[in-house]
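Here the structure comes first, spelled out in structure tokens, and everything after it is commentary.
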Amino acid sequence: MTFITENLAEISKPLGRHIHAGFGDAMATVPHNTASVAEVVFHVQSVSKIYQTGDVTVTALRGVSLDLAAGEFIVILGPSGSGKSTLLNIMGGLDTPTTGDVRFRDHWLSQAGDAGLTQFRREHVGFVFQFYNLIPSLTALENVTLVTEIAEHAMDPREALRLVGLTERQNHFPSQLSGGEQQRVAIARAIAKTPDILLCDEPTGALDYPTAKLILDVLAHVNQELHTLVAVITHNTAIADMADRVIRLRSGEITEITRNVRKSRPDELEW
Amino acid sequence: MAMLGRKLVRDLLHIRGQAIAIILVIACGVAAFVTMRSMYRSLLRSQADYYARYRFADVFAEFKRAPDWVANRIREIPGVAQVQPRVVMDVTLNVPGLKEPAVGRLISMPAEDSGALNELFLRSGRFIDSHAANEVIASEAFASANHLHLGSTLQAIIHGRWQQLTVVGIALSPEYIYEIRGGASLFPDNRRFGVLWMSPEALQAALDMQGAFNSIAVSLRPHASEPEVIASMDRILDRYGCLGAYGREDQISHRFISDEISQNRISAMIIPAIFLVVAGMLVHLSFSRLVNMQRSEIAVIKAFGFTSRQIATHYVQFSLLIASVGYMLGCIVGWAFGIRLAKLYAEFYRFPILIYRPELSIFLWAGFICAVTAVAGALAPVLRAAALPPAEAMRPESPQQFSPTLMDRLNVRVRSAALRMIVRNLERRPWRALASAFAICTAIMIVVVEFGMFDSLDRIMELQFRDTQREDITVTFNEARSASVRQELAHLPGVIASEPFRAVPVRLRFRHRSRKTSLLGLASGSRMRLMIDQQGRQALMPPDGLILSTTLAELLHVAPGESVQVEVLEGHRLVRSLPVAALVDEPLGTSAYMELNALNRILLEGNSISGAYLQVDAARQQVLYQRLKTLPAVAAVAVKKTTVDSFRDTINRSMALSLGTLILFAAIIAAGMIYNGARIALSERARELATLRILGFTRQEITSILLGEQALITLFALPFGFLAGYGLCAQMAARLQTELYRMPLVVRPTSYAWAFLMVLFSAILSGVLVGRRIAHLDMISVLKSRE
Ligand SMILES: Nc1ncnc2c1ncn2[C@@H]1O[C@H](COP(=O)(O)OP(=O)(O)O)[C@@H](O)[C@H]1O
Ligand SMILES: [Mg+2]
């Protein structure tokens, strides 16, 4: 996986947008639901989300508070239906909370309207989904280009594909790519605009073991070299070892936030 | 089947937008069919009924003067049922409130209840007292155009004497449903031409026609041979100056009204057919999508044990259900519209009778055609649904396969990825795109043709009244006069210039073909009647020899250089052979021209003229009209401007209604197709579009991607629609070419612009409707599901 590291190092220099100090042991005393005091970019404050469908009310989130720092790698764990996706969607500006506040730097997401949220997603957020969601009528390269066309600080789409190791297959259509390859295109598409936050909802859920590791490797290096804040939802507790912090959800509430003293490299993970 | 029934209702609600589009298009087709067909039938029946009840004659003849006993000879011709000898004379009228002189056609009419042919339908007033010399019944069209009512008086110059006439009745006649004077005037001008019926005794006395008549109407026995009767009448009447008897086919009012009614028959076929083809395509597109979406449902239903036949029946029922809503809507609208339209036409034609009883068969036919459309449109997707094996259907539709398209192979550099998506999606389903393009093309064509017809008529008027006829007024004498009369006209107040002309009725023969027309002698170097040849240049009047209108030359199959036989139908009835010197392109009429002196020479007469063209000082025309009204020698005064105005007015009145309706229909086709296309694309690609929204594309951006596809199809259809419209205009111009006028093929840029505006409006409307749905696109549910 060395080629990825080299490429990222190369690309991060000219971009050089977010230079952040790493997290040292000294910070372990800070309460776990807050990130480094100086670096906090994301504030989630007492967020609740209630779905009302007919007579049925589902409380997906109840009073969730959380601060995230720039450049952090976060893993969100929790059983199915615990509200992980709901939280991620609210942070990504796809949905708004029923009550509570969400703020990314100077973007007040909880108050923003459709246009504001769209603008936020366009400028700051990269998404990676379990089912890739590539545009079937566009080739790998074109899927990436689609995003770089509308982003302001975009990298060359060929570079983005090179970062995920797909230069050779750039002119293939999604139907001609394997699942892992499609997911790598999805990641290239997400990072091509050099987002501040990369949100991944079960990115390896549909992939086999070696492919999943490959994907995690790409995510780790994006986080390290571009200092992108990465949040990954997973069922897989093994993945939690590569995070700075691990957030556990149950029934819409944060039950525990732990900080890893030592982050594992993806190739060290076993499951 | 209860479950399937519930599913049917649910599905209907689900695709309601598309269903509404289909329903509207079907409703338009059915409404057009029912309206036009029932109106056509209704007018035909009303006309027939009117003719029967008021004894419209079958054969007509006009001549100079025949003694009364000649009528008895005609009555004895085998096949003749009834004869109606009469006196008919066109006279100059002074109508109160009308500045220029009008022409009145005086017709002798026996007293009430005599069982006469062409009987009057009295709208108001009473019949004429047979001893009253100055009572007339006025035609309703003339009376209402001039605000004449019972007791109004008019002055007429009858046999060189002024006579006061009093209107005692207002009536309609089957003989003058369309009141056209004949000759050069092709359209009714109810202000300046009207029919007045008078007592026979009074009219004969006034015209010095005691014991004689100059016109006869004849009705035939059932199964009598019209041509034989006409031939016998011609033999009898020839020596009385008859130009030839003719049947209803050549009776001007009958011919016009029958032409107009039968035009409805043709459009009653074409227009509904266009709609139903489009409806069939819409059904096909919507059902293909529906069946694809419901693959797993179909599988479950089949797994429960439903047969393929039941599945097929279910979808066919669904299609029939939609069609039947459209059908019923169309029937109601068509019925209501048919009544109003038939009433309007009946008023326009002044039918005293209107029979509006649409036959059941019209509705049955419409229903049958609807059912065929619904089944044909749904057939392919339904068969596909029925053929799905349960296990296969449980798997999702195989992922969308894309491969490099024509655009990529041709290496067209399309920078925008969004544009590439649009082009690839279109190329992936070329037939669907073509079907949409076809429908839009049709809608454009309809609008171009409708406006193109206006353009052509406008061009006719330009050619005839601006380029060819340069005079302001045409004065016609009641008989040929010495050329010196022209000097008198030239000295009338307001006359700037005058040119004499001589008109004689002739029969032209070339080989076995012959044609009756009028031969017009024009002064050489005439500046008021220009001869424009086929190259658009001014043709010079040859010293001898004829100039023929192209239409006339085509009718006779004669070419310049060849000689035609000219049979003069008045005076000495001379026969001459004359060369055709040139042809001129004239939109109206089938005239022949020659130099005035040459014509006088072959007629063996001195310098005699039939009338004059005048150029008039507009400021003094009032005075001139007043003077012209008082000249006994003047039989008629035709003011060009009023002719043009009435021509325009007639066109506008008869075409405005159909224009509005057809543009609405075209807009429904275009909007229905564009909306349906966008709606199907939205449902197929909701996932893709939601992904784009997640990636940060704005609502406007994805709307433009979705509608861009429809826009591209529309742009593609536009030139073809224009071309098809032009082609159909050419077709219509060729088909509508009659002996009376030839239609020039003209489509002005504004006509294309109107078609473009219609499509633009339809596209925007569809865009707004679909755009509202895009606003409600659920981004999050997309993340949860596999494709
Ligand atoms: N659009 C929705 N409407 C109603 N309930 C929803 C909706 N989305 C999620 N939920 C409910 O909210 C809860 C949390 O869902 P989610 O965040 O997707 O859980 P997770 O991603 O942890 O599996 C679940 O009970 C789910 O059923
Ligand atoms: Mg989830």
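Every chain in the structure tokens has a letter given in the order shown (A, B, ...), and although residue numbers restart at 1 in each chain, ligands are simply numbered from 1 in the order shown.
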Show which residues sit within 10 Å of Lys99 in chain B, as a VMD selection string. Count only C-alpha atoms, and ignore same-chain residues fewer than 3 positions away.
-> chain B and resid 94 to 96 102 621 to 626 629
Distance filter 12 Å around ligand 2, atoms: only C-alpha atoms and all ligand atoms, out as a PyMOL selection string = (chain A and resi 60+76-89+129-131+200-203+205+232-235+249+252) or (chain B and resi 780-785)
Spatial neighbours of Met743 in chain B, 9 Å, only C-alpha atoms, chain gap at least 3 places, as a list in words | Met453, Ser456, Leu457, Arg459, Ile460, Pro587, Leu588, Met732, Ala733, Ala734, Arg735, Leu736, Gln737, Thr738 and Val746 of chain B
Using DSSP secondary structure from the backbone, list all alpha helix (DSSP H) positions within range 86-241 of chain A, as a PDB file with N, CA and C atoms, in the first residue's frame.
ATOM      1  N   THR A  86     -28.642   7.952  11.331  1.00  0.00           N
ATOM      2  CA  THR A  86     -29.361   9.203  11.558  1.00  0.00           C
ATOM      3  C   THR A  86     -28.388  10.292  12.003  1.00  0.00           C
ATOM      4  N   LEU A  87     -27.497   9.945  12.913  1.00  0.00           N
ATOM      5  CA  LEU A  87     -26.518  10.908  13.404  1.00  0.00           C
ATOM      6  C   LEU A  87     -25.608  11.380  12.265  1.00  0.00           C
ATOM      7  N   LEU A  88     -25.118  10.409  11.501  1.00  0.00           N
ATOM      8  CA  LEU A  88     -24.210  10.742  10.398  1.00  0.00           C
ATOM      9  C   LEU A  88     -24.900  11.622   9.360  1.00  0.00           C
ATOM     10  N   ASN A  89     -26.153  11.290   9.067  1.00  0.00           N
ATOM     11  CA  ASN A  89     -26.897  12.067   8.073  1.00  0.00           C
ATOM     12  C   ASN A  89     -27.104  13.503   8.536  1.00  0.00           C
ATOM     13  N   ILE A  90     -27.344  13.656   9.838  1.00  0.00           N
ATOM     14  CA  ILE A  90     -27.545  15.011  10.364  1.00  0.00           C
ATOM     15  C   ILE A  90     -26.232  15.785  10.292  1.00  0.00           C
ATOM     16  N   MET A  91     -25.119  15.095  10.633  1.00  0.00           N
ATOM     17  CA  MET A  91     -23.829  15.766  10.552  1.00  0.00           C
ATOM     18  C   MET A  91     -23.463  16.116   9.116  1.00  0.00           C
ATOM     19  N   ASP A 114     -32.759  24.156   2.874  1.00  0.00           N
ATOM     20  CA  ASP A 114     -32.290  23.222   1.856  1.00  0.00           C
ATOM     21  C   ASP A 114     -31.078  23.779   1.106  1.00  0.00           C
ATOM     22  N   ALA A 115     -31.145  25.051   0.745  1.00  0.00           N
ATOM     23  CA  ALA A 115     -30.050  25.640  -0.034  1.00  0.00           C
ATOM     24  C   ALA A 115     -28.775  25.683   0.794  1.00  0.00           C
ATOM     25  N   GLY A 116     -28.899  26.042   2.081  1.00  0.00           N
ATOM     26  CA  GLY A 116     -27.746  26.119   2.961  1.00  0.00           C
ATOM     27  C   GLY A 116     -27.087  24.763   3.135  1.00  0.00           C
ATOM     28  N   LEU A 117     -27.923  23.737   3.331  1.00  0.00           N
ATOM     29  CA  LEU A 117     -27.385  22.390   3.518  1.00  0.00           C
ATOM     30  C   LEU A 117     -26.694  21.908   2.246  1.00  0.00           C
ATOM     31  N   THR A 118     -27.310  22.220   1.106  1.00  0.00           N
ATOM     32  CA  THR A 118     -26.695  21.815  -0.155  1.00  0.00           C
ATOM     33  C   THR A 118     -25.323  22.454  -0.302  1.00  0.00           C
ATOM     34  N   GLN A 119     -25.256  23.735   0.003  1.00  0.00           N
ATOM     35  CA  GLN A 119     -23.996  24.473  -0.067  1.00  0.00           C
ATOM     36  C   GLN A 119     -22.957  23.840   0.859  1.00  0.00           C
ATOM     37  N   PHE A 120     -23.398  23.492   2.068  1.00  0.00           N
ATOM     38  CA  PHE A 120     -22.503  22.862   3.056  1.00  0.00           C
ATOM     39  C   PHE A 120     -21.964  21.542   2.518  1.00  0.00           C
ATOM     40  N   ARG A 121     -22.842  20.707   1.997  1.00  0.00           N
ATOM     41  CA  ARG A 121     -22.407  19.414   1.461  1.00  0.00           C
ATOM     42  C   ARG A 121     -21.429  19.604   0.308  1.00  0.00           C
ATOM     43  N   ARG A 122     -21.753  20.564  -0.524  1.00  0.00           N
ATOM     44  CA  ARG A 122     -20.948  20.806  -1.708  1.00  0.00           C
ATOM     45  C   ARG A 122     -19.528  21.234  -1.339  1.00  0.00           C
ATOM     46  N   GLU A 123     -19.429  22.069  -0.315  1.00  0.00           N
ATOM     47  CA  GLU A 123     -18.118  22.623   0.011  1.00  0.00           C
ATOM     48  C   GLU A 123     -17.319  21.765   0.968  1.00  0.00           C
ATOM     49  N   HIS A 124     -17.986  21.091   1.895  1.00  0.00           N
ATOM     50  CA  HIS A 124     -17.238  20.517   3.016  1.00  0.00           C
ATOM     51  C   HIS A 124     -17.326  19.022   3.183  1.00  0.00           C
ATOM     52  N   ALA A 140     -15.690   5.686 -14.455  1.00  0.00           N
ATOM     53  CA  ALA A 140     -15.054   5.957 -13.165  1.00  0.00           C
ATOM     54  C   ALA A 140     -14.538   7.386 -13.132  1.00  0.00           C
ATOM     55  N   LEU A 141     -13.784   7.751 -14.143  1.00  0.00           N
ATOM     56  CA  LEU A 141     -13.200   9.097 -14.182  1.00  0.00           C
ATOM     57  C   LEU A 141     -14.287  10.161 -14.200  1.00  0.00           C
ATOM     58  N   GLU A 142     -15.335   9.909 -15.000  1.00  0.00           N
ATOM     59  CA  GLU A 142     -16.398  10.900 -15.108  1.00  0.00           C
ATOM     60  C   GLU A 142     -17.185  11.038 -13.811  1.00  0.00           C
ATOM     61  N   ASN A 143     -17.324   9.918 -13.079  1.00  0.00           N
ATOM     62  CA  ASN A 143     -17.998   9.995 -11.788  1.00  0.00           C
ATOM     63  C   ASN A 143     -17.257  10.944 -10.857  1.00  0.00           C
ATOM     64  N   VAL A 144     -15.928  10.916 -10.928  1.00  0.00           N
ATOM     65  CA  VAL A 144     -15.135  11.806 -10.082  1.00  0.00           C
ATOM     66  C   VAL A 144     -15.211  13.234 -10.618  1.00  0.00           C
ATOM     67  N   THR A 145     -15.094  13.355 -11.932  1.00  0.00           N
ATOM     68  CA  THR A 145     -15.135  14.678 -12.562  1.00  0.00           C
ATOM     69  C   THR A 145     -16.425  15.423 -12.218  1.00  0.00           C
ATOM     70  N   LEU A 146     -17.509  14.648 -12.174  1.00  0.00           N
ATOM     71  CA  LEU A 146     -18.823  15.209 -11.839  1.00  0.00           C
ATOM     72  C   LEU A 146     -18.725  16.106 -10.604  1.00  0.00           C
ATOM     73  N   VAL A 147     -17.979  15.625  -9.587  1.00  0.00           N
ATOM     74  CA  VAL A 147     -17.877  16.370  -8.338  1.00  0.00           C
ATOM     75  C   VAL A 147     -16.865  17.498  -8.439  1.00  0.00           C
ATOM     76  N   THR A 148     -15.750  17.226  -9.120  1.00  0.00           N
ATOM     77  CA  THR A 148     -14.724  18.281  -9.187  1.00  0.00           C
ATOM     78  C   THR A 148     -15.224  19.472  -9.993  1.00  0.00           C
ATOM     79  N   GLU A 149     -16.194  19.218 -10.888  1.00  0.00           N
ATOM     80  CA  GLU A 149     -16.756  20.326 -11.664  1.00  0.00           C
ATOM     81  C   GLU A 149     -17.475  21.342 -10.787  1.00  0.00           C
ATOM     82  N   ILE A 150     -18.066  20.869  -9.697  1.00  0.00           N
ATOM     83  CA  ILE A 150     -18.849  21.803  -8.889  1.00  0.00           C
ATOM     84  C   ILE A 150     -18.125  22.225  -7.614  1.00  0.00           C
ATOM     85  N   PRO A 157      -9.199  15.052 -11.042  1.00  0.00           N
ATOM     86  CA  PRO A 157      -9.894  13.762 -10.862  1.00  0.00           C
ATOM     87  C   PRO A 157      -8.981  12.560 -11.147  1.00  0.00           C
ATOM     88  N   ARG A 158      -8.033  12.715 -12.045  1.00  0.00           N
ATOM     89  CA  ARG A 158      -7.105  11.599 -12.311  1.00  0.00           C
ATOM     90  C   ARG A 158      -6.245  11.314 -11.089  1.00  0.00           C
ATOM     91  N   GLU A 159      -5.871  12.387 -10.379  1.00  0.00           N
ATOM     92  CA  GLU A 159      -5.092  12.223  -9.151  1.00  0.00           C
ATOM     93  C   GLU A 159      -5.904  11.458  -8.124  1.00  0.00           C
ATOM     94  N   ALA A 160      -7.190  11.842  -7.994  1.00  0.00           N
ATOM     95  CA  ALA A 160      -8.044  11.176  -7.011  1.00  0.00           C
ATOM     96  C   ALA A 160      -8.125   9.684  -7.314  1.00  0.00           C
ATOM     97  N   LEU A 161      -8.248   9.347  -8.579  1.00  0.00           N
ATOM     98  CA  LEU A 161      -8.318   7.928  -8.940  1.00  0.00           C
ATOM     99  C   LEU A 161      -6.975   7.252  -8.718  1.00  0.00           C
ATOM    100  N   ARG A 162      -5.901   7.991  -8.932  1.00  0.00           N
ATOM    101  CA  ARG A 162      -4.585   7.420  -8.697  1.00  0.00           C
ATOM    102  C   ARG A 162      -4.403   7.111  -7.211  1.00  0.00           C
ATOM    103  N   LEU A 163      -4.964   7.983  -6.364  1.00  0.00           N
ATOM    104  CA  LEU A 163      -4.852   7.789  -4.916  1.00  0.00           C
ATOM    105  C   LEU A 163      -5.513   6.491  -4.475  1.00  0.00           C
ATOM    106  N   GLY A 179     -17.144  -4.856  -6.892  1.00  0.00           N
ATOM    107  CA  GLY A 179     -17.654  -4.096  -5.758  1.00  0.00           C
ATOM    108  C   GLY A 179     -16.576  -3.242  -5.110  1.00  0.00           C
ATOM    109  N   GLY A 180     -15.405  -3.841  -4.878  1.00  0.00           N
ATOM    110  CA  GLY A 180     -14.313  -3.109  -4.243  1.00  0.00           C
ATOM    111  C   GLY A 180     -13.856  -1.936  -5.107  1.00  0.00           C
ATOM    112  N   GLU A 181     -13.790  -2.196  -6.392  1.00  0.00           N
ATOM    113  CA  GLU A 181     -13.371  -1.125  -7.305  1.00  0.00           C
ATOM    114  C   GLU A 181     -14.396   0.002  -7.312  1.00  0.00           C
ATOM    115  N   GLN A 182     -15.671  -0.391  -7.306  1.00  0.00           N
ATOM    116  CA  GLN A 182     -16.713   0.647  -7.279  1.00  0.00           C
ATOM    117  C   GLN A 182     -16.597   1.480  -6.010  1.00  0.00           C
ATOM    118  N   GLN A 183     -16.310   0.801  -4.875  1.00  0.00           N
ATOM    119  CA  GLN A 183     -16.214   1.544  -3.623  1.00  0.00           C
ATOM    120  C   GLN A 183     -15.002   2.474  -3.648  1.00  0.00           C
ATOM    121  N   ARG A 184     -13.954   2.044  -4.318  1.00  0.00           N
ATOM    122  CA  ARG A 184     -12.782   2.912  -4.400  1.00  0.00           C
ATOM    123  C   ARG A 184     -13.084   4.131  -5.277  1.00  0.00           C
ATOM    124  N   VAL A 185     -13.866   3.928  -6.332  1.00  0.00           N
ATOM    125  CA  VAL A 185     -14.281   5.081  -7.140  1.00  0.00           C
ATOM    126  C   VAL A 185     -15.105   6.030  -6.272  1.00  0.00           C
ATOM    127  N   ALA A 186     -15.972   5.425  -5.435  1.00  0.00           N
ATOM    128  CA  ALA A 186     -16.812   6.248  -4.564  1.00  0.00           C
ATOM    129  C   ALA A 186     -15.945   7.069  -3.614  1.00  0.00           C
ATOM    130  N   ILE A 187     -14.877   6.459  -3.108  1.00  0.00           N
ATOM    131  CA  ILE A 187     -13.989   7.197  -2.206  1.00  0.00           C
ATOM    132  C   ILE A 187     -13.254   8.294  -2.975  1.00  0.00           C
ATOM    133  N   ALA A 188     -12.761   7.944  -4.147  1.00  0.00           N
ATOM    134  CA  ALA A 188     -12.083   8.947  -4.974  1.00  0.00           C
ATOM    135  C   ALA A 188     -13.023  10.117  -5.226  1.00  0.00           C
ATOM    136  N   ARG A 189     -14.289   9.793  -5.502  1.00  0.00           N
ATOM    137  CA  ARG A 189     -15.262  10.841  -5.766  1.00  0.00           C
ATOM    138  C   ARG A 189     -15.459  11.708  -4.519  1.00  0.00           C
ATOM    139  N   ALA A 190     -15.438  11.045  -3.331  1.00  0.00           N
ATOM    140  CA  ALA A 190     -15.674  11.781  -2.093  1.00  0.00           C
ATOM    141  C   ALA A 190     -14.484  12.671  -1.730  1.00  0.00           C
ATOM    142  N   ILE A 191     -13.245  12.200  -2.005  1.00  0.00           N
ATOM    143  CA  ILE A 191     -12.092  12.992  -1.574  1.00  0.00           C
ATOM    144  C   ILE A 191     -11.627  13.980  -2.631  1.00  0.00           C
ATOM    145  N   TYR A 209     -13.240  -9.577   2.851  1.00  0.00           N
ATOM    146  CA  TYR A 209     -12.204  -9.199   3.806  1.00  0.00           C
ATOM    147  C   TYR A 209     -11.040  -8.435   3.177  1.00  0.00           C
ATOM    148  N   PRO A 210     -10.374  -8.990   2.170  1.00  0.00           N
ATOM    149  CA  PRO A 210      -9.227  -8.235   1.634  1.00  0.00           C
ATOM    150  C   PRO A 210      -9.628  -6.900   1.021  1.00  0.00           C
ATOM    151  N   THR A 211     -10.740  -6.881   0.362  1.00  0.00           N
ATOM    152  CA  THR A 211     -11.197  -5.627  -0.244  1.00  0.00           C
ATOM    153  C   THR A 211     -11.509  -4.610   0.842  1.00  0.00           C
ATOM    154  N   ALA A 212     -12.168  -5.080   1.917  1.00  0.00           N
ATOM    155  CA  ALA A 212     -12.516  -4.196   3.024  1.00  0.00           C
ATOM    156  C   ALA A 212     -11.253  -3.565   3.604  1.00  0.00           C
ATOM    157  N   LYS A 213     -10.218  -4.341   3.746  1.00  0.00           N
ATOM    158  CA  LYS A 213      -8.971  -3.818   4.312  1.00  0.00           C
ATOM    159  C   LYS A 213      -8.350  -2.754   3.396  1.00  0.00           C
ATOM    160  N   LEU A 214      -8.448  -3.036   2.128  1.00  0.00           N
ATOM    161  CA  LEU A 214      -7.944  -2.083   1.147  1.00  0.00           C
ATOM    162  C   LEU A 214      -8.641  -0.737   1.294  1.00  0.00           C
ATOM    163  N   ILE A 215      -9.959  -0.810   1.467  1.00  0.00           N
ATOM    164  CA  ILE A 215     -10.762   0.411   1.596  1.00  0.00           C
ATOM    165  C   ILE A 215     -10.378   1.151   2.872  1.00  0.00           C
ATOM    166  N   LEU A 216     -10.233   0.415   3.970  1.00  0.00           N
ATOM    167  CA  LEU A 216      -9.880   1.042   5.250  1.00  0.00           C
ATOM    168  C   LEU A 216      -8.519   1.715   5.148  1.00  0.00           C
ATOM    169  N   ASP A 217      -7.619   1.070   4.432  1.00  0.00           N
ATOM    170  CA  ASP A 217      -6.299   1.631   4.224  1.00  0.00           C
ATOM    171  C   ASP A 217      -6.400   2.985   3.526  1.00  0.00           C
ATOM    172  N   VAL A 218      -7.211   3.038   2.489  1.00  0.00           N
ATOM    173  CA  VAL A 218      -7.388   4.292   1.765  1.00  0.00           C
ATOM    174  C   VAL A 218      -7.931   5.355   2.702  1.00  0.00           C
ATOM    175  N   LEU A 219      -8.918   4.983   3.536  1.00  0.00           N
ATOM    176  CA  LEU A 219      -9.532   5.949   4.453  1.00  0.00           C
ATOM    177  C   LEU A 219      -8.494   6.465   5.455  1.00  0.00           C
ATOM    178  N   ALA A 220      -7.683   5.557   5.991  1.00  0.00           N
ATOM    179  CA  ALA A 220      -6.686   5.954   6.989  1.00  0.00           C
ATOM    180  C   ALA A 220      -5.696   6.947   6.400  1.00  0.00           C
ATOM    181  N   HIS A 221      -5.312   6.698   5.156  1.00  0.00           N
ATOM    182  CA  HIS A 221      -4.329   7.587   4.557  1.00  0.00           C
ATOM    183  C   HIS A 221      -4.911   8.922   4.168  1.00  0.00           C
ATOM    184  N   VAL A 222      -6.144   8.923   3.775  1.00  0.00           N
ATOM    185  CA  VAL A 222      -6.811  10.200   3.501  1.00  0.00           C
ATOM    186  C   VAL A 222      -6.804  11.024   4.769  1.00  0.00           C
ATOM    187  N   ASN A 223      -7.130  10.364   5.895  1.00  0.00           N
ATOM    188  CA  ASN A 223      -7.193  11.039   7.176  1.00  0.00           C
ATOM    189  C   ASN A 223      -5.822  11.591   7.570  1.00  0.00           C
ATOM    190  N   GLN A 224      -4.797  10.773   7.373  1.00  0.00           N
ATOM    191  CA  GLN A 224      -3.455  11.154   7.811  1.00  0.00           C
ATOM    192  C   GLN A 224      -2.880  12.268   6.960  1.00  0.00           C
ATOM    193  N   GLU A 225      -2.969  12.088   5.672  1.00  0.00           N
ATOM    194  CA  GLU A 225      -2.236  12.986   4.793  1.00  0.00           C
ATOM    195  C   GLU A 225      -3.006  14.245   4.424  1.00  0.00           C
ATOM    196  N   LEU A 226      -4.334  14.125   4.303  1.00  0.00           N
ATOM    197  CA  LEU A 226      -5.108  15.329   3.957  1.00  0.00           C
ATOM    198  C   LEU A 226      -5.705  15.968   5.197  1.00  0.00           C
TER     199      LEU A 226
END
Who sits within 6 Å of range 566-578 of chain B, only C-alpha atoms, same chain under 6 positions skipped, as a PyMOL selection string | chain B and resi 505-508+545
Keeping only N, CA and C atoms, write the selected residues to a file as an mmCIF file, in the first residue's frame.
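The new file out_16.cif reads:
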data_model
loop_
_atom_site.group_PDB
_atom_site.id
_atom_site.type_symbol
_atom_site.label_atom_id
_atom_site.label_comp_id
_atom_site.auth_asym_id
_atom_site.auth_seq_id
_atom_site.Cartn_x
_atom_site.Cartn_y
_atom_site.Cartn_z
ATOM 1 N N PRO B 505 -68.082 36.696 -71.660
ATOM 2 C CA PRO B 505 -68.078 35.277 -71.311
ATOM 3 C C PRO B 505 -67.648 34.465 -72.529
ATOM 4 N N VAL B 506 -66.751 33.525 -72.330
ATOM 5 C CA VAL B 506 -66.280 32.694 -73.448
ATOM 6 C C VAL B 506 -66.175 31.247 -72.997
ATOM 7 N N ARG B 507 -66.135 30.390 -73.988
ATOM 8 C CA ARG B 507 -65.759 29.004 -73.710
ATOM 9 C C ARG B 507 -64.467 28.762 -74.468
ATOM 10 N N LEU B 508 -63.430 28.324 -73.743
ATOM 11 C CA LEU B 508 -62.161 28.021 -74.385
ATOM 12 C C LEU B 508 -62.083 26.518 -74.598
ATOM 13 N N GLY B 545 -53.386 37.485 -79.427
ATOM 14 C CA GLY B 545 -53.070 36.289 -78.653
ATOM 15 C C GLY B 545 -53.488 36.474 -77.208
#
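Taking only C-alpha atoms, the non-local environment of Asp234 in chain B within 8 Å (same-chain residues fewer than 4 positions away omitted) comprises B:Ile230, B:Asp238, B:Cys242, B:Gly244, B:Ala245.
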